[in-house]
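Student: One file is attached below, model-v7.cif, containing mmCIF, C-alpha atoms.
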```
data_protein
loop_
_atom_site.label_atom_id
_atom_site.label_comp_id
_atom_site.auth_asym_id
_atom_site.auth_seq_id
_atom_site.Cartn_x
_atom_site.Cartn_y
_atom_site.Cartn_z
CA MET A 1 0.00 0.00 0.00
CA GLN A 2 1.37 3.39 -1.05
CA LEU A 3 0.43 6.48 0.99
CA ILE A 4 1.27 9.54 -1.11
CA THR A 5 2.09 12.80 0.64
CA GLU A 6 4.10 14.64 -2.03
CA THR A 7 3.24 15.98 -5.49
CA PRO A 8 6.02 14.17 -7.48
CA ALA A 9 4.89 10.79 -6.13
CA LEU A 10 1.28 11.64 -7.00
CA GLU A 11 2.32 12.58 -10.54
CA LEU A 12 4.03 9.21 -11.01
CA ALA A 13 1.11 7.27 -9.57
CA CYS A 14 -1.46 9.09 -11.71
CA ALA A 15 0.66 8.52 -14.82
CA ARG A 16 0.68 4.80 -13.99
CA LEU A 17 -3.06 4.70 -13.45
CA ALA A 18 -3.71 6.71 -16.62
CA ALA A 19 -2.36 3.77 -18.65
CA LEU A 20 -5.19 1.52 -17.35
CA PRO A 21 -8.61 1.14 -18.99
CA PHE A 22 -10.35 2.11 -15.75
CA VAL A 23 -9.59 3.27 -12.21
CA THR A 24 -11.69 2.78 -9.11
CA VAL A 25 -12.01 5.86 -6.90
CA ASP A 26 -13.28 6.68 -3.43
CA THR A 27 -12.77 9.46 -0.89
CA GLU A 28 -12.97 9.88 2.86
CA PHE A 29 -14.17 13.23 4.14
CA MET A 30 -15.60 15.13 7.09
CA ARG A 31 -18.63 17.41 6.92
CA GLU A 32 -20.10 17.64 10.39
CA THR A 33 -18.92 21.20 11.09
CA THR A 34 -18.58 22.68 7.60
CA TYR A 35 -20.73 23.54 4.59
CA TYR A 36 -18.23 22.11 2.14
CA SER A 37 -16.88 18.61 2.69
CA ARG A 38 -13.31 18.54 3.97
CA LEU A 39 -11.42 16.04 1.84
CA CYS A 40 -9.23 13.84 4.05
CA LEU A 41 -8.16 10.91 1.86
CA ILE A 42 -8.31 9.79 -1.78
CA GLN A 43 -8.15 6.11 -2.72
CA MET A 44 -7.53 4.74 -6.23
CA ALA A 45 -6.87 1.33 -7.76
CA GLY A 46 -7.20 -0.45 -11.09
CA PRO A 47 -6.87 -3.82 -12.79
CA GLY A 48 -3.55 -5.34 -11.79
CA ASP A 49 -2.68 -2.31 -9.64
CA PRO A 50 -2.24 -2.64 -5.85
CA GLY A 51 -3.86 0.73 -5.28
CA ILE A 52 -2.76 4.01 -3.69
CA LEU A 53 -3.87 6.34 -0.93
CA VAL A 54 -3.40 10.08 -1.33
CA ASP A 55 -3.22 12.39 1.66
CA PRO A 56 -4.75 15.72 0.55
CA LEU A 57 -3.95 17.21 3.98
CA ALA A 58 -0.21 16.71 3.52
CA PRO A 59 1.62 20.08 3.58
CA GLY A 60 2.39 21.44 0.11
CA ILE A 61 0.80 18.64 -1.91
CA SER A 62 -0.94 19.63 -5.17
CA LEU A 63 -3.91 17.57 -6.29
CA ARG A 64 -3.59 18.76 -9.89
CA PRO A 65 -2.33 15.34 -11.14
CA PHE A 66 -5.37 13.69 -9.57
CA LEU A 67 -7.74 16.20 -11.18
CA ASP A 68 -6.06 15.69 -14.55
CA LEU A 69 -6.57 11.95 -14.24
CA MET A 70 -10.23 12.45 -13.35
CA ALA A 71 -10.65 14.53 -16.52
CA ASP A 72 -8.78 12.06 -18.77
CA PRO A 73 -11.34 10.86 -21.37
CA ARG A 74 -9.34 7.67 -22.04
CA VAL A 75 -9.87 6.24 -18.55
CA VAL A 76 -13.22 5.14 -17.09
CA LYS A 77 -13.65 6.33 -13.51
CA VAL A 78 -15.54 3.87 -11.30
CA PHE A 79 -17.30 4.93 -8.08
CA HIS A 80 -19.85 3.31 -5.81
CA SER A 81 -22.67 5.70 -4.92
CA GLY A 82 -20.34 8.45 -6.01
CA ARG A 83 -22.45 11.59 -5.84
CA GLN A 84 -20.75 13.01 -2.73
CA ASP A 85 -17.31 12.05 -4.03
CA LEU A 86 -18.08 13.77 -7.33
CA GLU A 87 -19.29 16.90 -5.54
CA ILE A 88 -16.00 17.05 -3.63
CA ILE A 89 -13.96 16.68 -6.82
CA TRP A 90 -16.06 19.36 -8.52
CA ASN A 91 -15.47 21.75 -5.63
CA LEU A 92 -11.72 21.02 -5.76
CA GLY A 93 -11.24 22.23 -9.30
CA GLU A 94 -14.52 22.29 -11.22
CA VAL A 95 -13.67 18.89 -12.68
CA ILE A 96 -16.19 16.07 -12.99
CA PRO A 97 -14.76 12.58 -13.57
CA ALA A 98 -15.70 11.27 -17.01
CA PRO A 99 -16.30 8.81 -18.50
CA LEU A 100 -18.07 7.60 -15.38
CA PHE A 101 -19.47 4.33 -14.06
CA ASP A 102 -21.38 4.11 -10.77
CA THR A 103 -21.61 0.55 -9.47
CA GLN A 104 -24.61 1.25 -7.25
CA ILE A 105 -26.65 2.42 -10.24
CA ALA A 106 -25.34 -0.46 -12.36
CA ALA A 107 -26.38 -2.88 -9.60
CA MET A 108 -29.91 -1.43 -9.73
CA VAL A 109 -30.07 -2.40 -13.40
CA CYS A 110 -28.77 -5.87 -12.51
CA GLY A 111 -31.52 -6.58 -9.99
CA TYR A 112 -29.86 -5.65 -6.69
CA GLY A 113 -32.58 -3.30 -5.49
CA ASP A 114 -32.71 0.45 -4.95
CA SER A 115 -29.68 1.10 -2.73
CA VAL A 116 -27.40 -1.90 -2.56
CA SER A 117 -24.37 -1.38 -0.33
CA TYR A 118 -20.77 -1.67 -1.41
CA GLU A 119 -20.28 -4.31 1.27
CA GLN A 120 -22.96 -6.53 -0.29
CA LEU A 121 -21.53 -6.16 -3.79
CA ALA A 122 -18.01 -6.87 -2.54
CA ASN A 123 -19.28 -9.98 -0.79
CA ASP A 124 -21.36 -11.21 -3.74
CA LEU A 125 -19.11 -10.31 -6.66
CA ALA A 126 -15.58 -10.09 -5.20
CA LYS A 127 -16.07 -12.75 -2.49
CA ALA A 128 -14.61 -10.30 0.02
CA ARG A 129 -15.71 -9.18 3.44
CA ILE A 130 -15.28 -5.54 4.40
CA ASP A 131 -14.30 -4.61 7.95
CA LYS A 132 -16.47 -1.54 8.56
CA SER A 133 -15.10 -0.71 12.03
CA SER A 134 -13.16 2.29 10.68
CA ARG A 135 -15.99 3.69 8.60
CA PHE A 136 -16.99 6.52 10.94
CA THR A 137 -13.59 7.36 12.39
CA ASP A 138 -12.02 10.83 12.28
CA TRP A 139 -10.34 10.86 8.88
CA SER A 140 -8.75 14.25 9.49
CA HIS A 141 -6.65 12.94 12.39
CA ARG A 142 -3.03 12.14 11.63
CA PRO A 143 -1.39 9.71 11.55
CA LEU A 144 -3.97 7.36 10.07
CA SER A 145 -4.14 3.97 11.76
CA GLU A 146 -3.38 0.72 9.98
CA ALA A 147 -7.05 -0.24 10.31
CA GLN A 148 -8.09 3.00 8.62
CA THR A 149 -5.70 2.63 5.68
CA SER A 150 -6.64 -1.02 5.23
CA TYR A 151 -10.34 -0.20 5.21
CA ALA A 152 -9.84 2.74 2.86
CA LEU A 153 -7.84 0.70 0.37
CA SER A 154 -10.41 -2.12 0.40
CA ASP A 155 -12.99 0.40 -0.81
CA VAL A 156 -11.25 0.55 -4.18
CA THR A 157 -9.39 -2.77 -4.57
CA HIS A 158 -12.54 -4.89 -4.27
CA LEU A 159 -14.35 -2.42 -6.48
CA VAL A 160 -12.22 -3.62 -9.41
CA PRO A 161 -13.87 -7.08 -9.73
CA VAL A 162 -17.24 -5.60 -8.77
CA TYR A 163 -17.04 -3.25 -11.75
CA GLU A 164 -15.79 -5.94 -14.12
CA LYS A 165 -18.60 -8.33 -13.25
CA LEU A 166 -21.35 -5.72 -13.36
CA ARG A 167 -20.07 -4.44 -16.71
CA GLU A 168 -20.06 -8.01 -18.04
CA ARG A 169 -23.66 -8.53 -16.94
CA LEU A 170 -24.77 -5.28 -18.56
CA GLU A 171 -23.07 -6.17 -21.82
CA LYS A 172 -24.62 -9.65 -21.86
CA THR A 173 -28.13 -8.26 -21.30
CA GLY A 174 -27.66 -5.32 -23.67
CA ARG A 175 -28.52 -2.88 -20.89
CA SER A 176 -25.37 -0.78 -20.72
CA HIS A 177 -27.27 2.17 -22.23
CA TRP A 178 -29.78 2.00 -19.37
CA LEU A 179 -27.22 3.82 -17.25
CA ASP A 180 -26.84 6.73 -19.66
CA ASP A 181 -29.44 9.06 -18.11
CA GLU A 182 -28.10 8.55 -14.59
CA MET A 183 -24.49 9.06 -15.68
CA TRP A 184 -25.53 12.23 -17.51
CA ILE A 185 -27.03 13.60 -14.29
CA LEU A 186 -23.94 12.68 -12.27
CA THR A 187 -21.59 14.32 -14.78
CA SER A 188 -23.60 17.54 -15.08
CA PRO A 189 -22.08 20.53 -13.22
CA ASP A 190 -25.61 21.68 -12.37
CA THR A 191 -25.91 18.67 -10.07
CA TYR A 192 -23.21 20.09 -7.79
CA ARG A 193 -23.82 23.83 -7.96
CA ASN A 194 -25.61 24.87 -4.79
CA ASP A 195 -27.35 27.92 -6.20
CA PRO A 196 -28.70 30.06 -3.33
CA ALA A 197 -31.58 31.14 -5.56
CA GLN A 198 -32.80 27.52 -5.62
CA ALA A 199 -32.29 26.77 -1.92
CA TRP A 200 -35.98 27.32 -1.18
CA VAL A 201 -37.08 24.34 -3.29
CA ARG A 202 -35.84 21.81 -0.73
CA LEU A 203 -38.10 23.40 1.94
CA SER A 204 -41.15 24.21 -0.15
CA GLY A 205 -43.30 21.15 0.58
CA ARG A 206 -45.41 22.81 3.26
CA ILE A 207 -45.54 26.28 1.71
CA ARG A 208 -48.61 27.12 -0.38
CA LYS A 209 -49.34 30.87 -0.50
CA PRO A 210 -47.48 33.13 -2.95
CA ARG A 211 -46.44 35.52 -0.20
CA GLU A 212 -44.97 32.67 1.84
CA ILE A 213 -43.12 31.34 -1.19
CA ALA A 214 -41.68 34.78 -1.88
CA VAL A 215 -40.35 35.19 1.66
CA LEU A 216 -39.08 31.61 1.71
CA MET A 217 -37.13 32.21 -1.50
CA GLU A 218 -35.32 35.22 -0.07
CA VAL A 219 -34.68 33.88 3.43
CA ALA A 220 -33.45 30.51 2.14
CA ALA A 221 -31.17 32.24 -0.37
CA TRP A 222 -29.75 34.46 2.37
CA ARG A 223 -29.09 31.45 4.60
CA GLU A 224 -27.39 29.54 1.77
CA ARG A 225 -25.06 32.45 0.98
CA GLU A 226 -24.28 32.90 4.66
CA ALA A 227 -23.50 29.19 5.14
CA GLN A 228 -21.31 29.12 2.04
CA GLY A 229 -19.43 32.28 3.03
CA ARG A 230 -18.78 31.07 6.57
CA ASP A 231 -18.30 27.42 5.51
CA VAL A 232 -20.65 26.15 8.19
CA PRO A 233 -23.69 23.83 8.00
CA ARG A 234 -26.97 25.56 7.13
CA SER A 235 -28.37 24.67 10.54
CA ARG A 236 -25.58 26.65 12.22
CA VAL A 237 -26.93 29.76 10.51
CA LEU A 238 -30.65 29.07 10.90
CA LYS A 239 -32.51 25.78 11.31
CA ASP A 240 -34.98 24.64 8.67
CA GLU A 241 -37.91 25.02 11.06
CA ALA A 242 -36.96 28.64 11.69
CA VAL A 243 -36.69 29.40 7.97
CA LEU A 244 -40.20 27.99 7.44
CA ASP A 245 -41.59 29.89 10.43
CA VAL A 246 -40.16 33.14 9.10
CA ALA A 247 -41.62 32.43 5.64
CA VAL A 248 -45.12 31.88 7.07
CA ALA A 249 -45.08 34.69 9.65
CA ALA A 250 -43.15 37.22 7.52
CA PRO A 251 -42.05 39.29 10.56
CA ARG A 252 -41.34 42.95 9.75
CA SER A 253 -39.96 44.08 13.09
CA VAL A 254 -37.43 42.98 15.66
CA GLU A 255 -40.24 42.30 18.09
CA ALA A 256 -42.19 40.16 15.61
CA LEU A 257 -39.10 38.14 14.76
CA GLY A 258 -38.35 37.58 18.42
CA ARG A 259 -41.83 36.20 19.04
CA LEU A 260 -41.21 33.21 16.78
CA ARG A 261 -40.61 30.11 18.91
CA THR A 262 -37.88 28.76 16.63
CA ILE A 263 -35.79 31.94 16.89
CA PRO A 264 -33.30 31.79 19.82
CA ASN A 265 -33.62 34.43 22.52
CA GLY A 266 -31.77 37.61 21.60
CA PHE A 267 -31.16 36.42 18.05
CA GLU A 268 -33.56 38.99 16.63
CA ARG A 269 -31.39 41.91 17.79
CA SER A 270 -28.18 40.58 16.24
CA ARG A 271 -26.71 41.40 12.84
CA THR A 272 -28.15 38.13 11.61
CA GLY A 273 -31.60 39.12 12.80
CA GLN A 274 -31.39 42.34 10.81
CA GLU A 275 -30.36 40.43 7.72
CA ILE A 276 -33.33 38.08 8.10
CA LEU A 277 -35.70 41.03 8.35
CA ALA A 278 -34.11 42.52 5.24
CA ALA A 279 -34.64 39.22 3.41
CA VAL A 280 -38.29 39.22 4.47
CA GLU A 281 -38.72 42.71 3.01
CA ARG A 282 -37.13 41.63 -0.26
CA GLY A 283 -39.54 38.71 -0.42
CA LEU A 284 -42.59 40.84 0.26
CA ALA A 285 -41.48 43.21 -2.50
CA LEU A 286 -41.47 40.48 -5.17
CA ASP A 287 -44.16 40.57 -7.83
CA PRO A 288 -46.50 37.58 -7.21
CA ALA A 289 -46.86 37.12 -10.97
CA THR A 290 -43.16 36.27 -11.25
CA LEU A 291 -43.17 33.60 -8.55
CA PRO A 292 -42.90 29.87 -9.30
CA GLN A 293 -45.94 27.72 -8.69
CA ALA A 294 -46.19 25.79 -5.45
CA GLN A 295 -45.56 22.09 -5.86
CA ARG A 296 -48.66 19.92 -5.68
CA PRO A 297 -48.60 17.76 -2.54
CA ARG A 298 -48.24 14.08 -3.28
CA GLY A 299 -51.43 12.08 -3.26
CA ARG A 300 -53.65 15.12 -3.94
CA SER A 301 -53.62 15.10 -7.71
CA GLY A 302 -57.17 13.73 -8.01
CA ASN A 303 -55.73 10.59 -9.60
CA ALA A 304 -54.88 8.65 -6.45
CA ALA A 305 -56.48 5.41 -7.64
CA THR A 306 -54.62 5.57 -10.96
CA VAL A 307 -51.35 6.23 -9.16
CA GLU A 308 -51.89 3.19 -6.95
CA LEU A 309 -52.50 0.99 -10.00
CA LEU A 310 -49.38 2.38 -11.66
CA LYS A 311 -47.40 1.50 -8.52
CA VAL A 312 -48.58 -2.10 -8.77
CA LEU A 313 -47.64 -2.16 -12.46
CA LEU A 314 -44.23 -0.68 -11.70
CA ARG A 315 -43.47 -3.34 -9.11
CA ALA A 316 -44.57 -6.06 -11.51
CA VAL A 317 -42.45 -4.72 -14.37
CA ALA A 318 -39.44 -4.23 -12.13
CA GLU A 319 -39.71 -7.79 -10.82
CA ASN A 320 -40.07 -9.20 -14.32
CA GLU A 321 -37.15 -7.17 -15.68
CA GLU A 322 -35.04 -7.73 -12.54
CA VAL A 323 -34.33 -4.03 -12.15
CA ALA A 324 -34.88 -1.68 -9.21
CA PRO A 325 -38.28 0.11 -9.45
CA LYS A 326 -36.63 3.41 -8.47
CA LEU A 327 -34.54 3.32 -11.63
CA ILE A 328 -37.63 3.07 -13.84
CA ALA A 329 -39.88 5.65 -12.19
CA GLY A 330 -40.43 7.55 -8.98
CA VAL A 331 -43.71 8.51 -7.31
CA ASP A 332 -43.57 11.96 -8.90
CA ASP A 333 -43.29 10.33 -12.35
CA LEU A 334 -46.32 8.15 -11.65
CA GLU A 335 -48.38 11.13 -10.57
CA GLU A 336 -47.41 13.00 -13.71
CA ILE A 337 -48.32 10.02 -15.90
CA ALA A 338 -51.63 9.65 -14.06
CA ALA A 339 -52.40 13.27 -14.88
CA SER A 340 -51.24 13.27 -18.52
CA ASP A 341 -50.36 10.77 -21.23
CA THR A 342 -47.80 13.23 -22.57
CA ALA A 343 -46.08 14.00 -19.26
CA SER A 344 -42.46 15.06 -19.67
CA VAL A 345 -40.94 12.42 -17.39
CA PRO A 346 -38.10 9.91 -17.91
CA ALA A 347 -40.54 6.99 -17.56
CA LEU A 348 -42.13 7.97 -20.88
CA ALA A 349 -38.88 8.12 -22.83
CA GLY A 350 -36.17 5.77 -24.05
CA TRP A 351 -35.79 2.32 -22.55
CA ARG A 352 -38.10 3.18 -19.66
CA ARG A 353 -40.97 3.78 -22.07
CA GLU A 354 -40.25 0.44 -23.71
CA VAL A 355 -40.34 -1.59 -20.51
CA PHE A 356 -42.87 0.42 -18.48
CA GLY A 357 -44.22 3.60 -20.06
CA GLU A 358 -46.21 1.97 -22.85
CA LYS A 359 -47.77 -0.48 -20.39
CA ALA A 360 -48.62 2.40 -18.05
CA LEU A 361 -50.45 4.29 -20.79
CA ALA A 362 -52.23 1.12 -21.89
CA LEU A 363 -53.32 0.49 -18.31
CA LYS A 364 -54.68 4.04 -18.07
CA SER A 365 -56.64 3.67 -21.30
CA GLY A 366 -58.07 0.32 -20.30
CA ALA A 367 -56.32 -1.56 -23.11
CA VAL A 368 -54.56 -3.80 -20.60
CA GLY A 369 -55.46 -5.01 -17.15
CA LEU A 370 -53.72 -6.52 -14.15
CA SER A 371 -54.24 -9.97 -12.76
CA ILE A 372 -52.46 -12.45 -10.52
CA GLU A 373 -50.99 -15.67 -11.83
CA ARG A 374 -49.11 -18.04 -9.54
CA GLY A 375 -48.71 -15.30 -6.95
CA ARG A 376 -47.31 -12.71 -9.35
CA VAL A 377 -48.94 -9.64 -10.87
CA VAL A 378 -49.10 -9.83 -14.66
CA THR A 379 -50.64 -7.71 -17.40
CA PHE A 380 -53.17 -9.00 -19.92
CA ASP A 381 -54.81 -7.66 -23.06
CA ARG A 382 -58.36 -6.81 -22.08
CA GLY A 383 -59.53 -7.24 -25.67
CA GLU A 384 -58.59 -10.88 -25.57
CA ARG A 385 -60.67 -11.47 -22.43
CA ALA A 386 -63.70 -9.50 -23.52
#
```
Kindly present the structure from the file in structure tokens form.
Tutor:
Amino acid sequence: MQLITETPALELACARLAALPFVTVDTEFMRETTYYSRLCLIQMAGPGDPGILVDPLAPGISLRPFLDLMADPRVVKVFHSGRQDLEIIWNLGEVIPAPLFDTQIAAMVCGYGDSVSYEQLANDLAKARIDKSSRFTDWSHRPLSEAQTSYALSDVTHLVPVYEKLRERLEKTGRSHWLDDEMWILTSPDTYRNDPAQAWVRLSGRIRKPREIAVLMEVAAWREREAQGRDVPRSRVLKDEAVLDVAVAAPRSVEALGRLRTIPNGFERSRTGQEILAAVERGLALDPATLPQAQRPRGRSGNAATVELLKVLLRAVAENEEVAPKLIAGVDDLEEIAASDTASVPALAGWRREVFGEKALALKSGAVGLSIERGRVVTFDRGERA
């Protein structure tokens, strides 16, 4: 095992890995007290390569060789559930690893369910057992223990056969292209840009009135900018419950802000309190005609019965195709399909339409029905049984 703490050694290692058809990648990080993840360790391996560990906290080390490798179009970068790792790499140097392969998503296509763990895949496909005792240790502490480095390296060495076997299965079934949409999302910079102007969306489920939405937009944007600037978790600036309370109450004075139960005593008279009040005023000044529409609460579309039938169909199709239901369609997709045959959702395009979307539309129109045969839900042509 090679622990790299200097730039020249990293350059040599990345040059070696760049000659391989693919590299497996993982990171260890800390995020409990910061807005941005603090990168503490990088792990990489490849076919026939023993693997390396890179210490990004080592004094004077440049991660430029690593970023160049991640951007190398000749080498496939393999992650397991890599979204957080990819966000970290994007924040390092606005680089997104590509071409990309995520083994968790690939496993969903291969029938492993919605969120299969790396440990299960390593056990099933690499015949290896992962010692998870170091998983939640302090990765910023130096020196790293032998248990930590061993665990970290196993996250990429066993990923090599996991990737090879999943890729082989996908090629045999002709489903490699089923991953394209998910890989496109993971390699899009928009996935990792935390735009303060969009921070309100995550909290908007309980907000209905235009005035409340307007205030929520401004207060959430202010909090996001504040958290980013101070590099602290959002909750350290203002908890979600407090943001929602401010959006609903729209306090316009220090006294009104202080009366909210979720606002700490004395908070309203601080600089932060003044900034919240200013955000409220900006929200109240917005033109209601320019505001986005409130999201429709789930289960209130007026098509609840249709949605429930589509859920049954989805489970049946997923079982028959041996693919995770989540990869085909989500609840939001089903609600959109229930409301419109021309809904702009992934489930009505590409391979998803072939395996599920056409059946869903036929079920809606009454052309096909559902029945149970030998304990399994199946579809049937209603014309043939008329």
Student: Got a sec to resolve the PyMOL selection byres ((chain A and resi 193) around 9) on this structure and send the residues as a list of chain:residue names?
Tutor: A:Glu87, A:Trp90, A:Asn91, A:Pro189, A:Asp190, A:Thr191, A:Tyr192, A:Asn194, A:Asp195
Student: For segment 337-339 of chain A, work out the shell of residues within 9 Å, counting only C-alpha atoms and skipping chain neighbours fewer than 3 positions away, then give it as a list of chain:residue names.
Tutor: A:Ser301, A:Gly302, A:Asn303, A:Ala304, A:Thr306, A:Val307, A:Leu310, A:Asp332, A:Asp333, A:Leu334, A:Thr342, A:Ala343, A:Ser344, A:Val345, A:Ala347, A:Leu348, A:Gly357, A:Ala360, A:Leu361, A:Lys364
Student: Pick from A:Ala152, A:Cys40, A:Leu186, A:Leu144: nearest to Asp131 of chain A, with all atoms listed in the file counted?
Tutor: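 Of all the options, A:Ala152 lies closest to Asp131 of chain A.
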Student: Please write as a list in words the list of polymer residues whose atoms come within 12 Å of (-17.5, 29.2, 6.0), counting all atoms listed in the file and keeping to the coordinates of the file.
Tutor: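 Those residues, ordered by chain and then number, are Arg31, Thr33, Thr34, Tyr35, Tyr36, Ser37, Arg38, Arg223, Glu224, Arg225, Glu226, Ala227, Gln228, Gly229, Arg230, Asp231, Val232, Pro233, Arg234, Arg236 and Val237 of chain A.
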Student: Looking at A:Arg211, A:Arg169, A:His158, A:Arg382, which one is nearest to Leu284 of chain A, with distances taken over only C-alpha atoms?
Tutor: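 Nearest to Leu284 of chain A: A:Arg211.
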Student: If the PyMOL selection byres ((chain A and resi 254-261) around 12) were run on this exact file, what residues would it hold? Put them as a PyMOL selection string.
Tutor: chain A and resi 239+241-253+262-278+280
Student: Take the PyMOL selection byres ((chain A and resi 116) around 12), run it mentally on this structure, and tell me the resulting residues as a list in words.
Tutor: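 That selection, the PyMOL selection byres ((chain A and resi 116) around 12), comes back as His80, Ser81, Asp102, Thr103, Gln104, Ile105, Ala106, Ala107, Met108, Val109, Cys110, Gly111, Tyr112, Gly113, Asp114, Ser115, Ser117, Tyr118, Glu119, Gln120, Leu121, Ala122, Asn123, Asp124 and Ala324 of chain A.
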Student: Output the selection as a PDB file, in the frame of the given file - C-alpha atoms for each residue.
Tutor:
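out.pdb, freshly written:
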```pdb
ATOM      1  CA  HIS A  80     -19.850   3.310  -5.810  1.00  0.00           C
ATOM      2  CA  SER A  81     -22.670   5.700  -4.920  1.00  0.00           C
ATOM      3  CA  ASP A 102     -21.380   4.110 -10.770  1.00  0.00           C
ATOM      4  CA  THR A 103     -21.610   0.550  -9.470  1.00  0.00           C
ATOM      5  CA  GLN A 104     -24.610   1.250  -7.250  1.00  0.00           C
ATOM      6  CA  ILE A 105     -26.650   2.420 -10.240  1.00  0.00           C
ATOM      7  CA  ALA A 106     -25.340  -0.460 -12.360  1.00  0.00           C
ATOM      8  CA  ALA A 107     -26.380  -2.880  -9.600  1.00  0.00           C
ATOM      9  CA  MET A 108     -29.910  -1.430  -9.730  1.00  0.00           C
ATOM     10  CA  VAL A 109     -30.070  -2.400 -13.400  1.00  0.00           C
ATOM     11  CA  CYS A 110     -28.770  -5.870 -12.510  1.00  0.00           C
ATOM     12  CA  GLY A 111     -31.520  -6.580  -9.990  1.00  0.00           C
ATOM     13  CA  TYR A 112     -29.860  -5.650  -6.690  1.00  0.00           C
ATOM     14  CA  GLY A 113     -32.580  -3.300  -5.490  1.00  0.00           C
ATOM     15  CA  ASP A 114     -32.710   0.450  -4.950  1.00  0.00           C
ATOM     16  CA  SER A 115     -29.680   1.100  -2.730  1.00  0.00           C
ATOM     17  CA  SER A 117     -24.370  -1.380  -0.330  1.00  0.00           C
ATOM     18  CA  TYR A 118     -20.770  -1.670  -1.410  1.00  0.00           C
ATOM     19  CA  GLU A 119     -20.280  -4.310   1.270  1.00  0.00           C
ATOM     20  CA  GLN A 120     -22.960  -6.530  -0.290  1.00  0.00           C
ATOM     21  CA  LEU A 121     -21.530  -6.160  -3.790  1.00  0.00           C
ATOM     22  CA  ALA A 122     -18.010  -6.870  -2.540  1.00  0.00           C
ATOM     23  CA  ASN A 123     -19.280  -9.980  -0.790  1.00  0.00           C
ATOM     24  CA  ASP A 124     -21.360 -11.210  -3.740  1.00  0.00           C
ATOM     25  CA  ALA A 324     -34.880  -1.680  -9.210  1.00  0.00           C
TER      26      ALA A 324
END
```
Student: Please list as an NGL selection string every residue within 10 Å of Asp55 of chain A, counting only C-alpha atoms and excluding residues in the same chain fewer than 2 positions away.
Tutor: :A and (3-6 or 10 or 39-43 or 52-53 or 57-59 or 61 or 63 or 140 or 142 or 144)
Student: Store the residues picked out above in a file with C-alpha atoms, as an mmCIF file, in the frame of the given file.
Tutor:
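Contents of part37.cif, freshly written:
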```cif
data_model
loop_
_atom_site.group_PDB
_atom_site.id
_atom_site.type_symbol
_atom_site.label_atom_id
_atom_site.label_comp_id
_atom_site.auth_asym_id
_atom_site.auth_seq_id
_atom_site.Cartn_x
_atom_site.Cartn_y
_atom_site.Cartn_z
ATOM 1 C CA LEU A 3 0.430 6.480 0.990
ATOM 2 C CA ILE A 4 1.270 9.540 -1.110
ATOM 3 C CA THR A 5 2.090 12.800 0.640
ATOM 4 C CA GLU A 6 4.100 14.640 -2.030
ATOM 5 C CA LEU A 10 1.280 11.640 -7.000
ATOM 6 C CA LEU A 39 -11.420 16.040 1.840
ATOM 7 C CA CYS A 40 -9.230 13.840 4.050
ATOM 8 C CA LEU A 41 -8.160 10.910 1.860
ATOM 9 C CA ILE A 42 -8.310 9.790 -1.780
ATOM 10 C CA GLN A 43 -8.150 6.110 -2.720
ATOM 11 C CA ILE A 52 -2.760 4.010 -3.690
ATOM 12 C CA LEU A 53 -3.870 6.340 -0.930
ATOM 13 C CA LEU A 57 -3.950 17.210 3.980
ATOM 14 C CA ALA A 58 -0.210 16.710 3.520
ATOM 15 C CA PRO A 59 1.620 20.080 3.580
ATOM 16 C CA ILE A 61 0.800 18.640 -1.910
ATOM 17 C CA LEU A 63 -3.910 17.570 -6.290
ATOM 18 C CA SER A 140 -8.750 14.250 9.490
ATOM 19 C CA ARG A 142 -3.030 12.140 11.630
ATOM 20 C CA LEU A 144 -3.970 7.360 10.070
#
```
Student: Expressed in Å to a single decimal, how great is the separation between atom CA of Trp178 of chain A and atom CA of Leu69 of chain A?
Tutor: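 Answer for the atom CA of Trp178 of chain A to atom CA of Leu69 of chain A separation: 25.8 Å.
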